[in-house]
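File shown: model-v5.txt (compact mmCIF, C-alpha atoms and all ligand atoms).
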```
# COMPACT_ATOMS: atom_id res chain seq x y z
CA MET A 691 0.00 0.00 0.00
CA THR A 692 1.66 3.24 -1.07
CA VAL A 693 -1.12 5.45 0.20
CA SER A 694 -2.63 5.04 3.65
CA PRO A 695 -6.19 3.68 3.75
CA HIS A 696 -7.35 6.98 5.26
CA HIS A 697 -5.81 9.02 2.43
CA ARG A 698 -7.18 6.54 -0.12
CA ASP A 699 -10.70 7.02 1.26
CA LEU A 700 -10.34 10.79 1.11
CA ALA A 701 -9.01 10.60 -2.47
CA GLU A 702 -11.99 8.47 -3.49
CA ARG A 703 -14.36 10.96 -1.93
CA TYR A 704 -12.80 14.22 -3.13
CA GLY A 705 -10.71 13.22 -6.15
CA THR A 706 -7.06 13.92 -6.88
CA PRO A 707 -4.77 15.78 -6.75
CA LEU A 708 -5.62 16.14 -3.07
CA TYR A 709 -3.83 17.72 -0.14
CA VAL A 710 -4.40 16.25 3.29
CA TYR A 711 -3.11 18.21 6.30
CA ASP A 712 -3.15 16.75 9.81
CA LEU A 713 -3.58 19.28 12.63
CA ALA A 714 -2.13 16.80 15.14
CA ARG A 715 1.19 17.13 13.34
CA VAL A 716 0.97 20.93 13.28
CA ARG A 717 0.47 20.94 17.05
CA ALA A 718 3.40 18.54 17.50
CA ALA A 719 5.72 20.75 15.43
CA ARG A 720 4.68 23.83 17.41
CA ARG A 721 5.32 22.00 20.69
CA ASP A 722 8.72 20.79 19.47
CA LEU A 723 9.87 24.16 18.19
CA PHE A 724 8.94 26.01 21.39
CA GLY A 725 10.60 23.17 23.32
CA PHE A 726 13.89 23.67 21.46
CA LEU A 727 13.92 27.42 22.08
CA PRO A 728 14.86 29.25 25.27
CA GLU A 729 11.77 30.04 27.32
CA GLY A 730 10.30 33.39 26.40
CA VAL A 731 11.56 33.46 22.81
CA GLU A 732 8.62 34.26 20.54
CA VAL A 733 7.82 32.47 17.29
CA TYR A 734 6.37 34.27 14.29
CA TYR A 735 4.76 31.80 11.91
CA ALA A 736 5.56 32.74 8.30
CA PHE A 737 2.15 32.64 6.64
CA LYS A 738 3.80 32.30 3.22
CA ALA A 739 4.49 28.66 4.06
CA ASN A 740 0.77 27.89 4.22
CA PRO A 741 -1.93 30.44 5.04
CA HIS A 742 -4.74 27.87 5.37
CA PRO A 743 -6.98 29.28 8.15
CA ASP A 744 -7.32 25.95 9.99
CA LEU A 745 -3.57 25.41 10.11
CA VAL A 746 -2.77 28.92 11.26
CA ARG A 747 -5.48 28.66 13.93
CA ALA A 748 -3.87 25.48 15.26
CA LEU A 749 -0.62 27.40 15.74
CA ARG A 750 -2.34 29.88 18.03
CA THR A 751 -4.99 28.06 20.00
CA GLY A 752 -4.80 25.26 22.55
CA ASP A 753 -2.11 24.42 25.07
CA GLY A 754 1.37 25.89 25.16
CA PRO A 755 2.87 29.11 23.88
CA ALA A 756 1.06 30.54 20.84
CA CYS A 757 2.69 31.57 17.59
CA LYS A 758 2.44 35.11 16.33
CA ALA A 759 1.96 35.92 12.64
CA GLU A 760 4.50 37.06 10.05
CA ILE A 761 2.57 38.21 6.99
CA SER A 762 3.33 40.02 3.74
CA SER A 763 0.00 40.77 2.07
CA THR A 764 -3.61 41.69 2.70
CA GLY A 765 -4.56 38.10 1.90
CA GLU A 766 -2.33 36.86 4.69
CA LEU A 767 -3.63 39.65 6.94
CA ALA A 768 -7.19 38.44 6.32
CA ALA A 769 -6.14 34.85 7.08
CA ALA A 770 -4.49 35.94 10.34
CA LEU A 771 -7.47 37.99 11.46
CA GLU A 772 -9.90 35.20 10.50
CA ALA A 773 -7.87 32.78 12.60
CA GLY A 774 -8.07 35.12 15.60
CA TYR A 775 -4.56 36.59 15.68
CA PRO A 776 -4.84 40.00 17.35
CA GLY A 777 -3.28 42.88 15.39
CA ALA A 778 -0.69 43.27 18.14
CA ASP A 779 0.65 39.78 17.34
CA ILE A 780 1.12 40.48 13.64
CA LEU A 781 4.40 41.45 11.97
CA TYR A 782 4.03 42.87 8.46
CA THR A 783 7.08 42.23 6.27
CA GLY A 784 7.99 42.43 2.60
CA PRO A 785 9.70 44.73 0.14
CA GLY A 786 6.64 45.87 -1.83
CA LYS A 787 4.12 47.19 0.66
CA THR A 788 1.64 49.32 -1.27
CA PRO A 789 -0.21 52.34 0.18
CA GLY A 790 -3.46 50.34 0.08
CA GLU A 791 -1.92 47.41 1.95
CA LEU A 792 -0.33 49.66 4.55
CA ASP A 793 -3.60 51.50 5.07
CA GLU A 794 -5.41 48.23 5.68
CA ALA A 795 -2.70 46.94 7.98
CA VAL A 796 -2.69 50.10 10.10
CA ARG A 797 -6.50 50.10 10.18
CA HIS A 798 -6.49 46.56 11.60
CA GLY A 799 -3.96 47.47 14.27
CA VAL A 800 -0.97 45.50 12.96
CA GLY A 801 1.51 45.65 15.82
CA LEU A 802 4.85 45.66 14.01
CA PHE A 803 6.16 46.51 10.56
CA SER A 804 9.47 45.39 9.14
CA ALA A 805 10.88 48.32 7.15
CA GLU A 806 13.12 47.35 4.24
CA SER A 807 14.53 50.82 3.53
CA LEU A 808 14.23 54.47 4.51
CA THR A 809 11.57 54.99 1.84
CA ASP A 810 9.61 51.93 3.03
CA LEU A 811 9.75 53.42 6.52
CA GLU A 812 8.41 56.72 5.15
CA HIS A 813 5.53 54.90 3.45
CA ILE A 814 4.67 53.12 6.70
CA GLY A 815 4.84 56.43 8.57
CA ARG A 816 2.54 58.11 6.08
CA ALA A 817 -0.08 55.38 6.48
CA ALA A 818 0.17 55.57 10.27
CA ARG A 819 -0.19 59.35 10.35
CA ALA A 820 -3.26 59.14 8.12
CA HIS A 821 -4.83 57.13 10.96
CA GLY A 822 -3.47 59.44 13.67
CA THR A 823 -1.16 56.77 15.04
CA THR A 824 2.49 55.76 15.21
CA ALA A 825 3.63 52.53 13.58
CA LEU A 826 6.04 50.40 15.58
CA CYS A 827 8.79 49.27 13.23
CA LEU A 828 11.72 46.91 12.97
CA LEU A 829 14.53 47.87 10.65
CA ARG A 830 15.28 44.92 8.42
CA VAL A 831 19.02 44.78 7.95
CA ASN A 832 20.90 42.91 5.25
CA SER A 833 24.08 42.01 7.08
CA ALA A 834 27.28 42.40 5.08
CA THR A 835 28.54 39.11 6.46
CA ALA A 836 27.27 35.70 7.47
CA SER A 837 28.80 33.26 9.88
CA ALA A 838 31.68 31.37 8.31
CA ALA A 839 30.23 28.13 9.68
CA SER A 840 26.76 28.50 8.20
CA GLY A 841 27.62 28.93 4.53
CA VAL A 842 24.59 31.19 4.23
CA ARG A 843 24.05 32.85 0.85
CA MET A 844 20.98 34.95 1.65
CA THR A 845 22.80 37.91 3.11
CA GLY A 846 25.61 40.25 2.09
CA LYS A 847 24.39 40.28 -1.52
CA PRO A 848 22.50 43.01 -3.35
CA THR A 849 18.79 42.24 -2.78
CA GLN A 850 15.52 44.08 -2.41
CA PHE A 851 15.54 43.02 1.24
CA GLY A 852 16.74 45.11 4.11
CA ILE A 853 19.05 48.02 4.69
CA ASP A 854 22.72 47.33 3.98
CA SER A 855 24.32 46.95 7.41
CA GLU A 856 27.35 49.01 6.48
CA THR A 857 25.14 52.05 5.72
CA VAL A 858 23.44 52.05 9.12
CA PRO A 859 25.88 54.44 10.89
CA GLU A 860 25.46 57.20 8.31
CA ALA A 861 21.68 56.59 7.93
CA ALA A 862 20.94 56.21 11.66
CA ALA A 863 19.65 59.75 12.24
CA ALA A 864 17.31 59.61 9.25
CA LEU A 865 16.07 56.10 10.05
CA THR A 866 15.16 56.97 13.62
CA SER A 867 13.28 60.20 12.94
CA VAL A 868 10.66 59.32 10.33
CA PRO A 869 7.34 60.92 11.34
CA GLY A 870 4.65 58.37 12.16
CA THR A 871 7.15 55.62 13.01
CA SER A 872 8.98 54.44 16.06
CA VAL A 873 11.97 52.17 15.56
CA GLU A 874 11.49 49.40 18.11
CA GLY A 875 14.12 47.00 16.95
CA LEU A 876 15.77 44.97 14.25
CA HIS A 877 14.79 42.22 11.85
CA LEU A 878 17.54 40.04 10.41
CA PHE A 879 16.59 37.04 8.32
CA SER A 880 19.66 35.47 6.81
CA GLN A 881 18.74 31.88 6.12
CA SER A 882 15.98 29.41 5.43
CA ASN A 883 16.22 25.64 5.91
CA ALA A 884 19.59 25.54 7.71
CA ARG A 885 21.87 22.62 6.88
CA ASP A 886 22.16 21.41 10.48
CA GLU A 887 22.04 22.59 14.08
CA GLU A 888 25.64 23.86 14.01
CA SER A 889 24.88 26.06 11.03
CA LEU A 890 21.69 27.37 12.65
CA LEU A 891 23.49 28.16 15.90
CA ALA A 892 26.46 29.77 14.20
CA GLU A 893 24.17 32.01 12.20
CA PHE A 894 22.11 33.02 15.24
CA ARG A 895 25.31 33.88 17.15
CA HIS A 896 26.55 35.93 14.23
CA THR A 897 23.18 37.68 13.98
CA LEU A 898 23.25 38.56 17.69
CA GLU A 899 26.75 39.98 17.41
CA THR A 900 25.68 42.04 14.38
CA ALA A 901 22.53 43.23 16.15
CA ALA A 902 24.48 44.34 19.22
CA ARG A 903 26.77 46.42 17.01
CA LEU A 904 23.81 47.89 15.09
CA GLN A 905 22.14 48.84 18.38
CA ASP A 906 25.18 50.99 19.19
CA GLU A 907 25.35 52.47 15.71
CA LEU A 908 21.66 53.36 15.76
CA GLY A 909 21.78 54.76 19.27
CA VAL A 910 18.42 53.12 20.00
CA ARG A 911 17.79 50.64 22.81
CA LEU A 912 16.23 47.64 21.08
CA ARG A 913 12.84 46.56 22.40
CA VAL A 914 12.30 43.81 19.84
CA LEU A 915 14.90 41.67 18.14
CA ASP A 916 13.79 39.30 15.37
CA ILE A 917 16.76 37.04 14.62
CA GLY A 918 15.15 35.23 11.66
CA GLY A 919 14.96 31.49 11.22
CA GLY A 920 16.31 28.56 9.31
CA PHE A 921 14.49 25.71 11.10
CA SER A 922 14.52 22.90 8.61
CA ALA A 923 12.07 20.30 7.41
CA PRO A 924 12.04 17.96 4.41
CA TYR A 925 10.18 19.30 1.40
CA GLY A 926 8.24 16.83 -0.71
CA ARG A 927 10.36 13.84 0.19
CA THR A 928 10.52 11.35 3.00
CA GLY A 929 12.31 12.29 6.20
CA ASP A 930 11.78 13.95 9.55
CA ARG A 931 11.91 17.49 10.85
CA ALA A 932 15.28 18.44 12.36
CA ALA A 933 15.83 18.30 16.13
CA TYR A 934 17.75 21.06 17.91
CA PRO A 935 18.86 19.65 21.26
CA LYS A 936 21.59 22.26 21.84
CA LEU A 937 19.68 25.31 20.74
CA ARG A 938 17.94 26.10 24.01
CA GLY A 939 21.14 26.32 26.05
CA GLU A 940 23.41 27.81 23.44
CA LEU A 941 21.05 30.47 22.15
CA ALA A 942 20.29 31.54 25.74
CA ALA A 943 24.04 31.81 26.42
CA ALA A 944 24.58 33.93 23.31
CA LEU A 945 21.66 36.17 24.27
CA ASP A 946 23.08 36.58 27.79
CA LEU A 947 26.34 37.68 26.21
CA PHE A 948 25.03 40.18 23.68
CA PHE A 949 21.67 41.27 25.14
CA PRO A 950 21.80 40.74 28.92
CA GLY A 951 18.37 42.34 29.39
CA TRP A 952 16.57 39.76 27.26
CA ARG A 953 15.42 37.67 30.22
CA GLN A 954 13.53 40.73 31.44
CA GLY A 955 12.08 41.26 27.98
CA LEU A 956 14.48 43.98 26.85
CA PRO A 957 14.63 43.20 24.05
CA ARG A 958 11.84 40.74 23.35
CA VAL A 959 13.47 38.09 21.17
CA ALA A 960 11.68 36.45 18.25
CA VAL A 961 12.37 33.89 15.55
CA GLU A 962 10.44 33.11 12.37
CA SER A 963 9.44 29.75 11.02
CA GLY A 964 7.31 28.47 8.17
CA ARG A 965 8.25 25.02 6.86
CA TYR A 966 9.18 23.58 10.25
CA LEU A 967 5.73 24.25 11.71
CA VAL A 968 3.55 22.93 8.89
CA GLY A 969 5.76 20.98 6.48
CA ASP A 970 5.24 17.50 7.82
CA SER A 971 1.51 17.97 8.32
CA GLY A 972 0.83 17.58 4.60
CA HIS A 973 0.52 14.75 2.10
CA LEU A 974 -0.18 15.30 -1.57
CA VAL A 975 -2.16 12.40 -2.99
CA THR A 976 -1.92 12.16 -6.75
CA ALA A 977 -3.09 9.65 -9.36
CA VAL A 978 -1.00 8.23 -12.20
CA SER A 979 -2.59 9.29 -15.50
CA ASN A 980 -0.20 7.48 -17.79
CA LEU A 981 3.11 5.66 -18.03
CA LYS A 982 5.29 6.04 -21.09
CA THR A 983 8.86 5.65 -22.18
CA GLY A 984 10.83 8.26 -24.05
CA ARG A 985 14.38 7.62 -25.22
CA GLY A 986 14.92 4.95 -22.64
CA HIS A 987 13.39 6.84 -19.71
CA THR A 988 10.15 5.88 -18.04
CA PHE A 989 7.78 8.71 -17.25
CA ALA A 990 4.95 8.39 -14.79
CA VAL A 991 2.61 11.22 -15.76
CA LEU A 992 0.66 12.37 -12.71
CA ASP A 993 -2.41 14.55 -12.26
CA ALA A 994 -0.27 16.79 -9.99
CA GLY A 995 2.56 18.88 -11.36
CA ILE A 996 4.13 22.23 -10.65
CA ASN A 997 0.63 23.70 -10.83
CA VAL A 998 -0.14 22.20 -7.40
CA PHE A 999 3.30 21.53 -5.92
CA GLY A 1000 6.74 22.78 -6.66
CA GLY A 1001 6.16 26.31 -7.82
CA MET A 1002 9.17 27.06 -5.65
CA SER A 1003 11.35 25.20 -8.14
CA GLY A 1004 11.90 28.53 -9.85
CA LEU A 1005 13.65 29.62 -6.67
CA GLY A 1006 15.89 26.59 -6.74
CA ARG A 1007 14.23 25.35 -3.59
CA ILE A 1008 12.74 22.14 -4.79
CA LEU A 1009 14.56 18.97 -4.02
CA PRO A 1010 13.68 15.74 -5.81
CA VAL A 1011 10.23 14.68 -4.75
CA SER A 1012 9.85 11.19 -3.37
CA VAL A 1013 6.77 9.09 -2.89
CA GLU A 1014 5.91 6.66 -0.15
CA VAL A 1015 6.77 3.12 -1.27
CA PRO A 1016 6.27 -0.06 0.73
CA GLU A 1017 9.47 -1.10 2.48
CA ASP A 1018 9.10 -4.74 1.50
CA GLY A 1019 8.00 -4.29 -2.15
CA ASP A 1020 9.95 -4.14 -5.42
CA SER A 1021 10.49 -0.71 -6.84
CA ARG A 1022 11.64 0.89 -10.08
CA GLN A 1023 12.95 4.33 -10.97
CA VAL A 1024 10.89 6.75 -13.02
CA THR A 1025 10.61 10.44 -13.79
CA LEU A 1026 7.55 11.93 -12.13
CA ALA A 1027 6.02 14.35 -14.63
CA GLY A 1028 2.98 16.56 -14.16
CA PRO A 1029 0.12 17.16 -16.62
CA LEU A 1030 1.24 20.56 -17.93
CA CYS A 1031 2.39 21.21 -21.48
CA THR A 1032 5.91 22.18 -20.53
CA PRO A 1033 9.00 20.01 -20.09
CA GLY A 1034 9.58 21.96 -16.88
CA ASP A 1035 6.67 20.15 -15.28
CA VAL A 1036 8.73 17.52 -13.51
CA LEU A 1037 8.39 16.76 -9.81
CA GLY A 1038 11.37 14.44 -9.61
CA ARG A 1039 13.80 12.31 -11.60
CA ASN A 1040 15.00 8.81 -10.72
CA VAL A 1041 12.25 8.50 -8.15
CA ALA A 1042 11.59 5.05 -6.69
CA VAL A 1043 8.00 3.92 -7.23
CA PRO A 1044 6.36 0.51 -6.79
CA ALA A 1045 7.50 -1.83 -9.58
CA GLY A 1046 3.96 -2.56 -10.77
CA LEU A 1047 2.86 1.06 -10.97
CA ALA A 1048 -0.03 1.45 -13.43
CA PRO A 1049 -2.40 4.18 -14.62
CA GLY A 1050 -5.05 4.89 -12.01
CA ASP A 1051 -2.75 4.08 -9.08
CA LEU A 1052 -2.44 6.58 -6.28
CA LEU A 1053 0.85 7.92 -4.95
CA ALA A 1054 1.44 10.00 -1.83
CA VAL A 1055 4.12 12.69 -1.69
CA PRO A 1056 4.98 13.28 1.99
CA ASN A 1057 6.01 16.52 3.72
CA THR A 1058 4.00 18.82 1.50
CA GLY A 1059 2.35 20.97 4.18
CA ALA A 1060 4.56 23.99 3.40
CA TYR A 1061 4.94 25.82 0.09
CA GLY A 1062 2.21 23.76 -1.56
CA PRO A 1063 -0.74 25.23 -3.50
CA THR A 1064 -0.15 28.88 -2.64
CA ALA A 1065 3.49 28.63 -3.72
CA SER A 1066 2.67 26.92 -6.99
CA LEU A 1067 1.66 27.85 -10.53
CA LEU A 1068 -1.95 27.30 -9.53
CA MET A 1069 -3.68 28.80 -12.55
CA PHE A 1070 -1.20 27.68 -15.20
CA LEU A 1071 -3.07 25.72 -17.88
CA GLY A 1072 -6.38 26.22 -16.14
CA ARG A 1073 -6.56 23.04 -14.10
CA PRO A 1074 -8.74 23.29 -11.00
CA SER A 1075 -6.86 23.98 -7.80
CA PRO A 1076 -6.47 20.89 -5.61
CA VAL A 1077 -8.94 20.13 -2.84
CA GLU A 1078 -7.37 20.64 0.59
CA VAL A 1079 -8.66 18.44 3.39
CA VAL A 1080 -7.74 19.32 6.95
CA THR A 1081 -7.91 16.41 9.36
CA ASP A 1082 -7.33 15.96 13.04
CA GLY A 1083 -6.13 12.38 13.19
CA GLU A 1084 -8.93 10.45 11.47
CA ASP A 1085 -11.51 13.26 11.76
CA THR A 1086 -12.13 15.63 8.87
CA VAL A 1087 -12.11 19.28 9.97
CA SER A 1088 -12.64 21.07 6.65
CA VAL A 1089 -12.62 20.56 2.88
CA THR A 1090 -11.80 23.58 0.71
CA ARG A 1091 -10.41 24.63 -2.63
CA ILE A 1092 -8.84 27.96 -3.65
CA GLU A 1093 -10.94 29.52 -6.44
CA ARG A 1094 -11.08 32.47 -8.80
CA THR A 1095 -13.62 35.07 -7.72
CA ARG A 1096 -15.45 37.56 -9.87
CA VAL A 1097 -14.85 41.24 -9.29
CA PRO A 1098 -18.00 43.33 -9.83
CA HIS A 1099 -17.74 45.49 -12.96
CA GLY A 1100 -16.48 48.95 -12.16
CA ALA A 1101 -15.09 47.99 -8.76
CA GLU A 1102 -11.65 49.42 -8.09
CA HIS A 1103 -8.96 48.68 -5.54
CA THR A 1104 -10.97 46.02 -3.79
CA HIS A 1105 -7.85 43.98 -3.14
CA GLY A 1106 -5.87 46.55 -1.11
C1 LIG B 1201 11.39 36.93 6.05
C2 LIG B 1201 11.08 35.47 6.04
N1 LIG B 1201 10.57 34.90 7.16
C3 LIG B 1201 10.27 33.59 7.21
C4 LIG B 1201 10.44 32.77 6.12
C5 LIG B 1201 10.07 31.32 6.24
O1 LIG B 1201 11.10 30.46 5.98
P1 LIG B 1201 10.96 28.91 6.35
O2 LIG B 1201 9.70 28.42 5.75
O3 LIG B 1201 12.16 28.29 5.76
O4 LIG B 1201 10.94 28.81 7.85
C6 LIG B 1201 10.95 33.30 4.93
C7 LIG B 1201 11.14 32.44 3.76
O5 LIG B 1201 11.61 32.78 2.73
C8 LIG B 1201 11.29 34.69 4.88
O6 LIG B 1201 11.76 35.25 3.76
```

Go ahead and express the file in the form of structure tokens.
Amino acid sequence: MTVSPHHRDLAERYGTPLYVYDLARVRAARRDLFGFLPEGVEVYYAFKANPHPDLVRALRTGDGPACKAEISSTGELAAALEAGYPGADILYTGPGKTPGELDEAVRHGVGLFSAESLTDLEHIGRAARAHGTTALCLLRVNSATASAASGVRMTGKPTQFGIDSETVPEAAAALTSVPGTSVEGLHLFSQSNARDEESLLAEFRHTLETAARLQDELGVRLRVLDIGGGFSAPYGRTGDRAAYPKLRGELAAALDLFFPGWRQGLPRVAVESGRYLVGDSGHLVTAVSNLKTGRGHTFAVLDAGINVFGGMSGLGRILPVSVEVPEDGDSRQVTLAGPLCTPGDVLGRNVAVPAGLAPGDLLAVPNTGAYGPTASLLMFLGRPSPVEVVTDGEDTVSVTRIERTRVPHGAEHTHG
């Protein structure tokens, strides 16, 4: 059996391709992540990983510390508000905040904004003043360096993200006096999906050292320090979430060194995580439409391609997909192709599948709870978006599908 009986039943009922997310796994990931972190460190859930309202609600409600929300659009803002996140627990990030989005965010009482530049800060300030308020902001800084041990490539390069760290001394006066804003702290996000615990720790230490220096250069006592993330989880292939047994002690020690007031909440310390919290909650169940050979290669053509999973391949983030195969059965290697009319629609090459795979068979791609439908080429070639079933163990919580909506003729700016 390559697909669990429960997933097979759901696929029969709702068709394929089908996403199944299990809230029990979301709760377990939340519990694990808070358990690995020093007590008091806050976790912002990155809605971009999966903004499904039932998943984001499970990260906030119930026992244990609750996640806060890191969002970058009015769609994610709506999902956060629908799931009961108070504005004060929402951090608005992203390089392209429009006036309409900022207006909506301020109106809903978003508690923190990450400012990517002086001009971004001015835009945030303008929106805040229009509502007679002051926006609390973090300066996102693109550090000139990364830790030698982490091998991180997301920082120190020219990007649309953050203020170049080396320009902070000369820009400090301007950055801290923008009308309508109050600089509360710093936001440094240098890596996603860290290689291992050593790399994660090294990068956090480096970030803390950088942040301590920036605090001096800015002449502002930090109230909030967002040190980014990098918590890793397998993406579309078998495997387990990482464990971080040393993190709690070593991160606390580094914080004691660089920010001795952190235990009293000065600054409040936060991390961000997307894939770790929801990645292993998801399975993508897909049916084999056809099997064919081409120049000696066998292709299993599926009803799921980069239209429902793997849109992130453009960002070089997709690793070869694997499917669940029985441990005791014979297997063969195939290329898993999707249904789209582009040779780029490949989910994996040399993927082991059951030897007798035939059209109509179901396959399950594990660890697809993060960067699934909303990170894919959903509308490409006009196939319906996949049904998403949220379960809690064996119970079904909700069944939804993302759909195109009509905008009334003449309506303008209804999307923020
Ligand atoms: C600013 C920011 N926060 C959080 C995340 C989430 O990353 P991950 O899903 O790897 O935890 C990302 C991912 O790109 C990001 O850019």

If you count all atoms listed in the file, which residues end up within 9 Å of ligand LIG 1201 (chain B), as a ChimeraX atom specification? /A:734-739,760-762,783-784,851,877-884,918-923,961-969,1060-1061

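What separates CA of Glu1014 in chain A from CA of Ser1066 in chain A is a distance of 21.6 Å.
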
Got a sec: who's within 7 Å of Val1013 in chain A, counting only C-alpha atoms, leaving out chain neighbours fewer than 3 positions off, as an MDAnalysis selection string? chainID A and resid 927 1043 1053:1056

What's the separation between CA of Thr1090 in chain A and CA of Leu708 in chain A, in Å to one decimal place? 10.4 Å

Between CA of Val800 in chain A and CA of Leu781 in chain A, measure the distance and give it in Å to one decimal. 6.8 Å

Give as a list in words every residue, naming chains and numbers as the document does, that has an atom within 7 Å of (21.5, 43.7, 7.8), counting all atoms listed in the file. Arg830, Val831, Asn832, Ser833, Ala834, Gly852, Ile853, Asp854, Ser855 and Leu878 of chain A

Please complete range 898-910 of chain A with N, CA and C atoms and give it back as a PDB file, keeping the file's coordinate frame.
```pdb
ATOM      1  N   LEU A 898      23.299  37.842  16.412  1.00  0.00           N
ATOM      2  CA  LEU A 898      23.250  38.560  17.690  1.00  0.00           C
ATOM      3  C   LEU A 898      24.416  39.543  17.808  1.00  0.00           C
ATOM      4  N   GLU A 899      25.574  39.103  17.358  1.00  0.00           N
ATOM      5  CA  GLU A 899      26.750  39.980  17.410  1.00  0.00           C
ATOM      6  C   GLU A 899      26.517  41.202  16.500  1.00  0.00           C
ATOM      7  N   THR A 900      25.982  40.937  15.315  1.00  0.00           N
ATOM      8  CA  THR A 900      25.680  42.040  14.380  1.00  0.00           C
ATOM      9  C   THR A 900      24.648  42.979  14.991  1.00  0.00           C
ATOM     10  N   ALA A 901      23.613  42.412  15.594  1.00  0.00           N
ATOM     11  CA  ALA A 901      22.530  43.230  16.150  1.00  0.00           C
ATOM     12  C   ALA A 901      23.036  44.104  17.295  1.00  0.00           C
ATOM     13  N   ALA A 902      23.935  43.558  18.098  1.00  0.00           N
ATOM     14  CA  ALA A 902      24.480  44.340  19.220  1.00  0.00           C
ATOM     15  C   ALA A 902      25.256  45.542  18.672  1.00  0.00           C
ATOM     16  N   ARG A 903      26.000  45.309  17.599  1.00  0.00           N
ATOM     17  CA  ARG A 903      26.770  46.420  17.010  1.00  0.00           C
ATOM     18  C   ARG A 903      25.808  47.457  16.403  1.00  0.00           C
ATOM     19  N   LEU A 904      24.767  46.969  15.720  1.00  0.00           N
ATOM     20  CA  LEU A 904      23.810  47.890  15.090  1.00  0.00           C
ATOM     21  C   LEU A 904      23.072  48.718  16.139  1.00  0.00           C
ATOM     22  N   GLN A 905      22.812  48.097  17.299  1.00  0.00           N
ATOM     23  CA  GLN A 905      22.140  48.840  18.380  1.00  0.00           C
ATOM     24  C   GLN A 905      22.984  50.059  18.761  1.00  0.00           C
ATOM     25  N   ASP A 906      24.289  49.863  18.867  1.00  0.00           N
ATOM     26  CA  ASP A 906      25.180  50.990  19.190  1.00  0.00           C
ATOM     27  C   ASP A 906      25.180  52.021  18.071  1.00  0.00           C
ATOM     28  N   GLU A 907      25.266  51.538  16.848  1.00  0.00           N
ATOM     29  CA  GLU A 907      25.350  52.470  15.710  1.00  0.00           C
ATOM     30  C   GLU A 907      24.067  53.288  15.557  1.00  0.00           C
ATOM     31  N   LEU A 908      22.940  52.647  15.880  1.00  0.00           N
ATOM     32  CA  LEU A 908      21.660  53.360  15.760  1.00  0.00           C
ATOM     33  C   LEU A 908      21.416  54.291  16.935  1.00  0.00           C
ATOM     34  N   GLY A 909      22.012  53.974  18.065  1.00  0.00           N
ATOM     35  CA  GLY A 909      21.780  54.760  19.270  1.00  0.00           C
ATOM     36  C   GLY A 909      20.367  54.569  19.799  1.00  0.00           C
ATOM     37  N   VAL A 910      19.784  53.404  19.537  1.00  0.00           N
ATOM     38  CA  VAL A 910      18.420  53.120  20.000  1.00  0.00           C
ATOM     39  C   VAL A 910      18.469  51.839  20.826  1.00  0.00           C
TER      40      VAL A 910
END
```
